[in-house]
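Structure file data.cif with mmCIF, C-alpha atoms and all ligand atoms:
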data_query
#
loop_
_atom_site.label_atom_id
_atom_site.label_comp_id
_atom_site.auth_asym_id
_atom_site.auth_seq_id
_atom_site.Cartn_x
_atom_site.Cartn_y
_atom_site.Cartn_z
CA MET A 22 -80.79 -4.82 6.95
CA GLU A 23 -79.56 -8.04 5.52
CA ASN A 24 -78.86 -6.27 2.27
CA SER A 25 -76.87 -3.48 3.79
CA ILE A 26 -74.79 -5.99 5.72
CA ARG A 27 -74.00 -7.77 2.47
CA GLU A 28 -73.27 -4.46 0.75
CA ILE A 29 -70.95 -3.36 3.50
CA ARG A 30 -69.19 -6.70 3.35
CA GLU A 31 -68.73 -6.56 -0.44
CA LYS A 32 -67.74 -2.93 -0.43
CA ALA A 33 -65.18 -3.66 2.30
CA LEU A 34 -63.66 -6.58 0.40
CA ALA A 35 -63.53 -4.60 -2.82
CA GLY A 36 -62.00 -1.65 -0.99
CA LEU A 37 -59.35 -3.90 0.49
CA ALA A 38 -58.18 -4.93 -2.93
CA GLU A 39 -57.76 -1.28 -3.86
CA VAL A 40 -55.86 0.11 -0.87
CA ARG A 41 -52.20 0.71 -1.67
CA ASP A 42 -50.63 1.05 1.75
CA THR A 43 -51.06 0.26 5.45
CA ALA A 44 -52.24 3.79 6.20
CA GLY A 45 -55.07 3.43 3.65
CA LEU A 46 -55.91 0.05 5.12
CA GLU A 47 -56.19 1.49 8.62
CA GLN A 48 -58.51 4.18 7.29
CA LEU A 49 -60.67 1.53 5.72
CA ARG A 50 -60.77 -0.45 8.97
CA VAL A 51 -61.88 2.62 10.92
CA ASN A 52 -64.57 3.41 8.34
CA ILE A 53 -66.12 -0.02 8.67
CA LEU A 54 -65.22 -1.52 12.03
CA GLY A 55 -64.34 1.58 14.03
CA LYS A 56 -66.55 3.14 16.74
CA LYS A 57 -68.40 5.14 14.13
CA GLY A 58 -67.90 2.55 11.39
CA GLU A 59 -70.60 1.33 9.08
CA LEU A 60 -70.80 -2.19 10.49
CA THR A 61 -70.68 -0.90 14.03
CA GLY A 62 -73.63 1.35 13.07
CA ILE A 63 -75.60 -1.73 11.98
CA LEU A 64 -74.81 -3.44 15.26
CA ARG A 65 -76.14 -0.44 17.13
CA GLY A 66 -79.36 -0.46 15.06
CA MET A 67 -80.08 -4.01 16.14
CA GLY A 68 -81.76 -2.69 19.28
CA GLN A 69 -84.70 -1.62 17.13
CA LEU A 70 -85.26 -5.13 15.71
CA PRO A 71 -87.89 -7.42 17.13
CA ALA A 72 -86.30 -9.79 19.63
CA ASP A 73 -86.83 -12.92 17.52
CA LYS A 74 -84.91 -11.48 14.58
CA ARG A 75 -81.95 -10.39 16.60
CA PRO A 76 -80.01 -13.69 16.89
CA ALA A 77 -80.04 -14.39 13.13
CA MET A 78 -79.14 -10.82 12.30
CA GLY A 79 -76.46 -10.80 15.00
CA GLN A 80 -74.92 -13.89 13.51
CA LEU A 81 -74.96 -12.30 10.06
CA VAL A 82 -73.13 -9.20 11.34
CA ASN A 83 -70.60 -11.31 13.21
CA GLU A 84 -69.92 -13.42 10.14
CA ALA A 85 -69.45 -10.29 8.04
CA ARG A 86 -67.19 -8.82 10.69
CA ALA A 87 -65.10 -12.01 10.93
CA ALA A 88 -64.76 -12.20 7.14
CA ILE A 89 -63.75 -8.56 6.89
CA GLU A 90 -61.30 -8.86 9.77
CA GLU A 91 -59.69 -11.88 8.27
CA ALA A 92 -59.38 -10.23 4.88
CA LEU A 93 -58.02 -7.11 6.56
CA GLU A 94 -55.41 -9.18 8.37
CA ARG A 95 -54.32 -10.90 5.19
CA ARG A 96 -54.15 -7.66 3.27
CA LEU A 97 -52.24 -6.05 6.13
CA SER A 98 -49.47 -8.62 6.07
CA GLU A 99 -49.33 -8.35 2.27
CA LEU A 100 -48.96 -4.59 2.40
CA ARG A 101 -46.45 -4.75 5.29
CA ALA A 102 -44.28 -7.15 3.34
CA ARG A 103 -44.46 -4.94 0.29
CA GLU A 104 -43.60 -1.83 2.30
CA LYS A 105 -40.70 -3.62 3.96
CA ASP A 106 -39.39 -4.67 0.56
CA ALA A 107 -39.63 -1.13 -0.69
CA ARG A 108 -37.81 0.18 2.40
CA LEU A 109 -35.03 -2.38 2.10
CA LYS A 110 -34.63 -1.55 -1.56
CA ALA A 111 -34.39 2.15 -0.77
CA GLU A 112 -31.84 1.55 1.98
CA ALA A 113 -29.72 -0.86 -0.03
CA ILE A 114 -26.03 -0.04 -0.35
CA ASP A 115 -24.48 -0.76 -3.70
CA VAL A 116 -21.29 -2.53 -2.68
CA THR A 117 -20.10 -2.54 -6.26
CA LEU A 118 -19.76 1.26 -6.31
CA PRO A 119 -16.13 2.28 -6.84
CA VAL A 120 -14.63 3.69 -3.61
CA GLU A 121 -12.13 6.45 -3.06
CA LYS A 122 -8.75 4.77 -3.11
CA ARG A 123 -6.53 5.13 -0.06
CA THR A 124 -3.02 4.30 -1.07
CA MET A 125 -0.42 3.30 1.48
CA GLY A 126 2.83 5.18 1.60
CA ALA A 127 6.22 3.53 1.44
CA VAL A 128 9.59 4.33 2.93
CA HIS A 129 11.72 6.08 0.33
CA PRO A 130 14.60 3.89 -0.91
CA VAL A 131 17.15 6.43 0.37
CA PHE A 132 15.69 6.15 3.85
CA SER A 133 15.17 2.39 3.88
CA CYS A 134 18.79 2.01 2.78
CA MET A 135 19.91 4.48 5.44
CA GLU A 136 17.97 2.61 8.11
CA GLU A 137 19.61 -0.63 7.06
CA MET A 138 23.05 0.98 7.15
CA ILE A 139 22.34 2.36 10.61
CA ASP A 140 21.17 -1.08 11.79
CA ILE A 141 24.40 -2.68 10.63
CA PHE A 142 26.57 -0.21 12.54
CA VAL A 143 24.35 -0.18 15.61
CA GLY A 144 24.78 -3.96 15.59
CA MET A 145 28.53 -3.37 15.77
CA GLY A 146 28.12 -1.14 18.80
CA TYR A 147 28.02 2.30 17.18
CA GLU A 148 25.96 5.18 18.52
CA VAL A 149 23.93 7.41 16.16
CA VAL A 150 24.59 11.15 16.52
CA GLU A 151 23.36 14.08 14.47
CA GLY A 152 24.58 17.59 13.80
CA PRO A 153 23.20 20.79 12.30
CA GLU A 154 22.76 21.18 8.54
CA VAL A 155 23.54 24.89 8.80
CA GLU A 156 27.09 24.70 10.09
CA PHE A 157 30.01 26.88 11.10
CA ASP A 158 32.88 27.02 8.64
CA HIS A 159 34.95 26.14 11.72
CA TYR A 160 33.52 22.61 11.96
CA ASN A 161 32.82 22.03 8.28
CA PHE A 162 36.37 23.00 7.23
CA GLU A 163 38.82 24.45 9.77
CA LEU A 164 38.86 21.65 12.34
CA LEU A 165 39.05 19.12 9.52
CA ASN A 166 42.37 20.55 8.40
CA LEU A 167 40.85 22.59 5.60
CA PRO A 168 41.95 26.13 6.44
CA LYS A 169 40.71 29.10 4.39
CA ASN A 170 42.36 29.08 0.96
CA HIS A 171 43.13 25.37 1.19
CA PRO A 172 42.85 24.08 -2.41
CA ALA A 173 40.75 21.06 -1.34
CA ARG A 174 37.95 23.43 -0.40
CA ASP A 175 37.29 23.91 -4.08
CA ALA A 176 36.45 20.23 -4.43
CA GLN A 177 33.25 20.91 -2.54
CA ASP A 178 31.14 23.67 -4.06
CA THR A 179 29.84 25.31 -0.95
CA PHE A 180 26.64 27.21 -0.26
CA TYR A 181 27.75 30.06 2.01
CA VAL A 182 25.26 31.69 4.37
CA ASP A 183 27.89 34.24 5.35
CA ASP A 184 31.68 34.29 5.79
CA ASN A 185 31.53 31.93 8.76
CA ILE A 186 28.41 29.88 8.16
CA VAL A 187 27.75 27.31 5.44
CA LEU A 188 25.26 24.61 4.53
CA ARG A 189 27.38 21.61 5.52
CA THR A 190 29.03 20.06 2.48
CA HIS A 191 29.52 16.69 4.21
CA THR A 192 28.69 14.95 7.49
CA SER A 193 32.33 15.18 8.62
CA PRO A 194 31.72 18.31 10.76
CA VAL A 195 29.77 16.07 13.14
CA GLN A 196 33.09 14.23 13.74
CA ALA A 197 34.69 17.51 14.72
CA ARG A 198 31.80 18.33 17.05
CA ILE A 199 32.09 14.93 18.73
CA MET A 200 35.87 15.12 19.06
CA THR A 201 35.73 18.55 20.67
CA THR A 202 33.10 17.53 23.21
CA ARG A 203 33.77 13.87 24.08
CA ARG A 204 36.74 11.81 25.18
CA PRO A 205 37.65 8.38 23.75
CA PRO A 206 36.55 5.69 23.41
CA ILE A 207 34.38 7.14 20.65
CA ARG A 208 32.34 5.01 18.26
CA VAL A 209 29.67 6.93 16.35
CA ILE A 210 27.88 7.15 13.02
CA CYS A 211 26.39 10.43 11.79
CA PRO A 212 23.75 10.13 9.07
CA GLY A 213 22.25 13.26 7.56
CA ARG A 214 21.55 15.66 4.74
CA VAL A 215 24.34 17.60 3.04
CA TYR A 216 24.46 20.37 0.41
CA ARG A 217 26.65 21.25 -2.54
CA ALA A 218 26.24 23.96 -5.15
CA ASP A 219 25.97 21.42 -7.96
CA GLU A 220 23.65 21.40 -10.93
CA ALA A 221 21.26 18.42 -10.68
CA ASP A 222 22.10 15.74 -13.25
CA ALA A 223 22.40 11.94 -13.51
CA THR A 224 25.13 11.84 -10.86
CA HIS A 225 24.71 15.08 -8.91
CA SER A 226 22.13 16.75 -6.71
CA PRO A 227 22.45 19.94 -4.63
CA VAL A 228 20.98 18.04 -1.68
CA PHE A 229 21.90 14.50 -0.79
CA HIS A 230 22.64 12.26 2.18
CA GLN A 231 25.81 10.96 3.75
CA MET A 232 26.75 8.80 6.65
CA GLU A 233 29.91 9.45 8.59
CA GLY A 234 31.65 6.99 10.89
CA LEU A 235 34.24 7.73 13.56
CA VAL A 236 36.10 5.44 15.94
CA ILE A 237 38.76 6.70 18.35
CA ASP A 238 40.52 4.74 21.05
CA GLU A 239 43.98 3.55 22.03
CA GLY A 240 45.55 1.29 19.44
CA VAL A 241 42.99 1.67 16.62
CA THR A 242 44.58 0.69 13.28
CA MET A 243 43.90 0.68 9.57
CA GLY A 244 43.21 -3.05 9.98
CA ASP A 245 40.24 -2.19 12.19
CA LEU A 246 38.97 0.18 9.51
CA LYS A 247 39.32 -2.45 6.80
CA GLY A 248 37.68 -5.18 8.90
CA THR A 249 34.79 -2.88 9.79
CA LEU A 250 34.12 -1.82 6.20
CA ASP A 251 34.47 -5.39 4.90
CA GLN A 252 31.89 -6.51 7.42
CA PHE A 253 29.63 -3.58 6.52
CA ALA A 254 29.83 -4.27 2.76
CA ALA A 255 29.05 -7.95 3.25
CA ARG A 256 26.03 -7.11 5.41
CA LEU A 257 24.65 -4.43 3.07
CA PHE A 258 25.41 -5.97 -0.32
CA GLY A 259 25.52 -9.65 0.53
CA GLU A 260 27.99 -12.23 1.82
CA GLY A 261 30.97 -12.54 -0.46
CA VAL A 262 31.09 -8.87 -1.46
CA SER A 263 34.61 -7.76 -0.70
CA THR A 264 36.12 -4.29 -0.60
CA ARG A 265 39.11 -2.86 -2.41
CA PHE A 266 41.13 -0.16 -0.68
CA ARG A 267 42.78 2.41 -2.93
CA PRO A 268 45.19 5.08 -1.64
CA SER A 269 43.62 8.51 -1.76
CA TYR A 270 43.83 11.93 -0.16
CA PHE A 271 41.60 13.73 2.32
CA PRO A 272 42.94 16.56 4.49
CA PHE A 273 41.33 15.10 7.61
CA THR A 274 42.74 11.56 7.29
CA GLU A 275 46.31 10.31 6.95
CA PRO A 276 46.69 7.86 5.34
CA SER A 277 43.47 8.02 3.33
CA ALA A 278 41.77 5.41 1.22
CA GLU A 279 38.87 5.22 -1.15
CA VAL A 280 36.92 2.00 -0.98
CA ASP A 281 35.46 0.19 -3.98
CA ILE A 282 33.19 -2.82 -4.28
CA PRO A 283 33.00 -5.07 -7.37
CA CYS A 284 30.59 -3.74 -10.00
CA ALA A 285 27.30 -5.62 -9.53
CA ASN A 286 26.45 -5.11 -13.19
CA CYS A 287 29.47 -6.95 -14.68
CA LYS A 288 30.70 -8.77 -11.57
CA GLY A 289 34.13 -7.22 -11.98
CA ALA A 290 34.60 -7.92 -15.67
CA GLY A 291 34.36 -4.27 -16.67
CA CYS A 292 31.37 -2.52 -18.25
CA ARG A 293 30.00 0.95 -19.00
CA MET A 294 28.64 1.37 -15.47
CA CYS A 295 32.07 0.94 -13.86
CA LYS A 296 33.85 2.56 -16.79
CA GLY A 297 35.66 -0.67 -17.52
CA THR A 298 37.34 -0.90 -14.11
CA GLY A 299 35.17 -3.68 -12.68
CA PHE A 300 34.82 -1.68 -9.46
CA ILE A 301 32.51 1.03 -8.10
CA GLU A 302 33.77 3.56 -5.59
CA VAL A 303 31.52 3.65 -2.55
CA LEU A 304 33.21 5.70 0.15
CA GLY A 305 36.13 7.71 1.47
CA SER A 306 37.99 6.79 4.62
CA GLY A 307 41.26 6.87 6.49
CA MET A 308 43.06 7.18 9.80
CA VAL A 309 42.05 10.41 11.49
CA ASN A 310 44.84 12.90 10.81
CA PRO A 311 46.83 13.41 14.08
CA LYS A 312 46.63 17.11 13.32
CA VAL A 313 42.83 16.91 13.47
CA LEU A 314 42.91 14.95 16.73
CA ASP A 315 45.15 17.57 18.31
CA MET A 316 43.10 20.50 16.98
CA CYS A 317 40.03 18.92 18.57
CA GLY A 318 41.83 18.40 21.89
CA ILE A 319 42.47 14.67 21.71
CA ASP A 320 46.07 13.61 22.41
CA SER A 321 47.33 12.06 19.17
CA ARG A 322 50.27 10.42 20.95
CA ARG A 323 47.90 8.33 23.00
CA TYR A 324 44.89 7.90 20.72
CA SER A 325 44.32 6.99 17.12
CA GLY A 326 41.17 6.53 15.13
CA PHE A 327 39.60 5.88 11.79
CA ALA A 328 36.84 7.67 9.94
CA PHE A 329 34.76 7.08 6.85
CA GLY A 330 32.09 8.90 4.92
CA MET A 331 29.72 7.56 2.32
CA GLY A 332 26.88 8.79 0.12
CA ILE A 333 23.60 7.13 1.00
CA GLU A 334 22.03 7.67 -2.44
CA ARG A 335 25.04 5.97 -3.98
CA MET A 336 24.56 2.98 -1.66
CA ALA A 337 20.83 2.78 -2.41
CA LEU A 338 21.45 2.93 -6.19
CA LEU A 339 23.85 0.01 -5.90
CA LYS A 340 21.81 -1.98 -3.40
CA TYR A 341 18.50 -1.75 -5.29
CA ASN A 342 20.08 -1.62 -8.75
CA ILE A 343 18.45 1.72 -9.62
CA PRO A 344 19.57 3.13 -12.98
CA GLY A 345 20.12 6.79 -12.06
CA LEU A 346 20.10 9.38 -9.32
CA ARG A 347 17.21 11.43 -10.74
CA LEU A 348 14.67 8.73 -9.87
CA MET A 349 15.55 9.32 -6.23
CA TYR A 350 14.32 12.91 -6.31
CA GLU A 351 11.53 12.99 -8.88
CA ASN A 352 8.98 11.38 -6.54
CA ASP A 353 7.39 9.48 -9.38
CA LEU A 354 4.88 7.13 -7.75
CA ARG A 355 5.48 4.48 -10.39
CA PHE A 356 9.02 4.30 -9.08
CA LEU A 357 8.39 4.82 -5.37
CA SER A 358 5.55 2.32 -5.08
CA GLN A 359 7.96 -0.46 -6.07
CA PHE A 360 9.52 -0.11 -2.62
CA ARG A 361 6.36 -0.90 -0.69
N1 LIG A 401 33.75 13.99 3.78
C1 LIG A 401 34.17 13.28 2.60
C2 LIG A 401 33.31 13.73 1.45
O1 LIG A 401 32.29 14.26 1.64
C3 LIG A 401 34.02 11.81 2.77
C4 LIG A 401 35.00 11.28 3.78
C5 LIG A 401 36.23 10.85 3.41
C6 LIG A 401 34.63 11.23 5.09
C7 LIG A 401 37.14 10.36 4.31
C8 LIG A 401 35.53 10.73 6.04
C9 LIG A 401 36.78 10.30 5.62
O2 LIG A 401 35.25 10.64 7.34
O3 LIG A 401 37.64 9.80 6.54
O4 LIG A 401 33.70 13.53 0.32
#

Now that the file is in, can you turn its structure into structure tokens?
Ligand code: DAH
Amino acid sequence: MENSIREIREKALAGLAEVRDTAGLEQLRVNILGKKGELTGILRGMGQLPADKRPAMGQLVNEARAAIEEALERRLSELRAREKDARLKAEAIDVTLPVEKRTMGAVHPVFSCMEEMIDIFVGMGYEVVEGPEVEFDHYNFELLNLPKNHPARDAQDTFYVDDNIVLRTHTSPVQARIMTTRRPPIRVICPGRVYRADEADATHSPVFHQMEGLVIDEGVTMGDLKGTLDQFAARLFGEGVSTRFRPSYFPFTEPSAEVDIPCANCKGAGCRMCKGTGFIEVLGSGMVNPKVLDMCGIDSRRYSGFAFGMGIERMALLKYNIPGLRLMYENDLRFLSQFR
């Protein structure tokens, strides 16, 4: 019996060294120390021993059991640690893996410029109003003193939907809509998209943006127009930027003026960008033609007003010093992402 106890003990210890995982270890434990285990079997057989041999043999079995249990315990924590390591390794996330890039969008320069222009006029007490892009000839031309066959109609290559409907060629029809539906005092700006049947090139696009301004009240003068646009230019392009008014012609204003600002490229000295003039034209303006006021139902003997219209792309090109209109429409990310 002594021998088989020793054998069981040695076999158990040798087996422990060989098991590879906790499940194998548990199996081993059951085989030796379990209810039907080998050592348990020995313990059961002790009943057959003579009484005087039992204590010594019992001690031997207990020693073997204690040694095996201790070794089992040690091996168990070894295997548990190893299994935990393996699990952690398997679950590990490689934080150095390249991720799918999520790029942030940016406001397009035309729109950020437009928003700034709107802010400036809202700060001066203007209200923002919008009108339809598909417009009646009546508002786009007739009410603006551009009757059918008027030669100035040719200056704007128009997309016609039918005889009476066009894609608006400017934001000025919103003026006409306001004047026919509201009474003075009127102080509005009308930003929006406009269309002309132009071939796209460095200075033209069939779709672009304008912002219209209209002020009507008693006693409004050209001085108010000039003061307003001076203030606007200084706010948009920087303190010290002054405007130059040049006589011009628009059917809907009388008198009319085109407004220039000094060329930012040559600071007024004259260069290729300003064609040697030292100035860049930025907008059209004037005193609302009394004929237009009357056609829209506003008494021109009592009220006067000024109006202006400007291209937003043109303003953005000048403000951000962008070297050409095409960049505005090509949606090249290398260009657009510079405005983030
Ligand atoms: N509508 C003109 C254009 O598209 C710009 C313009 C000029 C608007 C004079 C105005 C104005 O309101 O008074 O070329």

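Closest approach to ligand LIG 401 (chain A) among A:Gly326, A:Gly259, A:Gly234, A:Pro311: A:Gly234, based on all atoms listed in the file.
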
List the spatial neighbours of Phe273 in chain A as a ChimeraX atom specification - criterion: any atom at most 6 Å away, all atoms listed in the file, same-chain residues fewer than 3 positions off excluded. /A:165-166,310

Hey, can you spit out that residue selection with C-alpha atoms as a tab-separated table (two decimals), in the coordinates of the input?
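So the final result, stored in out.tsv, reads:
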chain	number	residue	atom	x	y	z
A	165	LEU	CA	39.05	19.12	9.52
A	166	ASN	CA	42.37	20.55	8.40
A	310	ASN	CA	44.84	12.90	10.81

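Among the candidates A:Pro268, A:Gly79, A:Pro153, A:Gly36, the one nearest to Leu49 in chain A when counting all atoms listed in the file is A:Gly36.
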
Between CA of Met145 in chain A and CA of Thr249 in chain A, what is the spacing in Å? 8.7 Å

Residues within 7 Å of ligand LIG 401 (chain A) should be enumerated using only C-alpha atoms and all ligand atoms and returned as a VMD selection string. chain A and resid 190 to 193 233 to 235 271 273 to 274 277 304 to 309 327 to 331

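Proximity of A:Gly261, A:Pro168, A:Pro344, A:Pro206 to Gly240 in chain A, computed with only C-alpha atoms, is greatest for A:Pro206.
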
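Between CA of Gly291 in chain A and CA of Arg265 in chain A the interatomic distance comes to 15.1 Å.
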
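In this comparison, which uses all atoms listed in the file, the residue of A:Lys296, A:Arg41, A:Arg361, A:His159 approaching Thr201 in chain A most closely is A:His159.
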
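Note that CA of Leu338 in chain A and CA of Ala127 in chain A are 17.0 Å apart.
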
Would you list the contacts of Glu84 in chain A as a short mmCIF file (atom, residue, chain, number, x, y, z; two decimals) with C-alpha atoms, keeping the file's coordinate frame, taking every protein, DNA or RNA residue within 12 Å and counting only C-alpha atoms, but skipping same-chain residues closer than 5 positions in sequence?
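Contents of result.cif, freshly written:
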data_model
loop_
_atom_site.label_atom_id
_atom_site.label_comp_id
_atom_site.auth_asym_id
_atom_site.auth_seq_id
_atom_site.Cartn_x
_atom_site.Cartn_y
_atom_site.Cartn_z
CA GLU A 23 -79.56 -8.04 5.52
CA ILE A 26 -74.79 -5.99 5.72
CA ARG A 27 -74.00 -7.77 2.47
CA ARG A 30 -69.19 -6.70 3.35
CA LEU A 60 -70.80 -2.19 10.49
CA ALA A 77 -80.04 -14.39 13.13
CA MET A 78 -79.14 -10.82 12.30
CA GLY A 79 -76.46 -10.80 15.00
CA ILE A 89 -63.75 -8.56 6.89
CA GLU A 90 -61.30 -8.86 9.77
CA GLU A 91 -59.69 -11.88 8.27
#

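Among A:Ile139, A:Pro130, A:Leu354, A:Met316, the residue with the shortest atom-to-atom distance to Glu334 in chain A, counting all atoms listed in the file, is A:Pro130.
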
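The residue that comes closest to Thr224 in chain A, out of A:Ala72, A:Ile53, A:Leu346, A:Met22 and on the basis of only C-alpha atoms, is A:Leu346.
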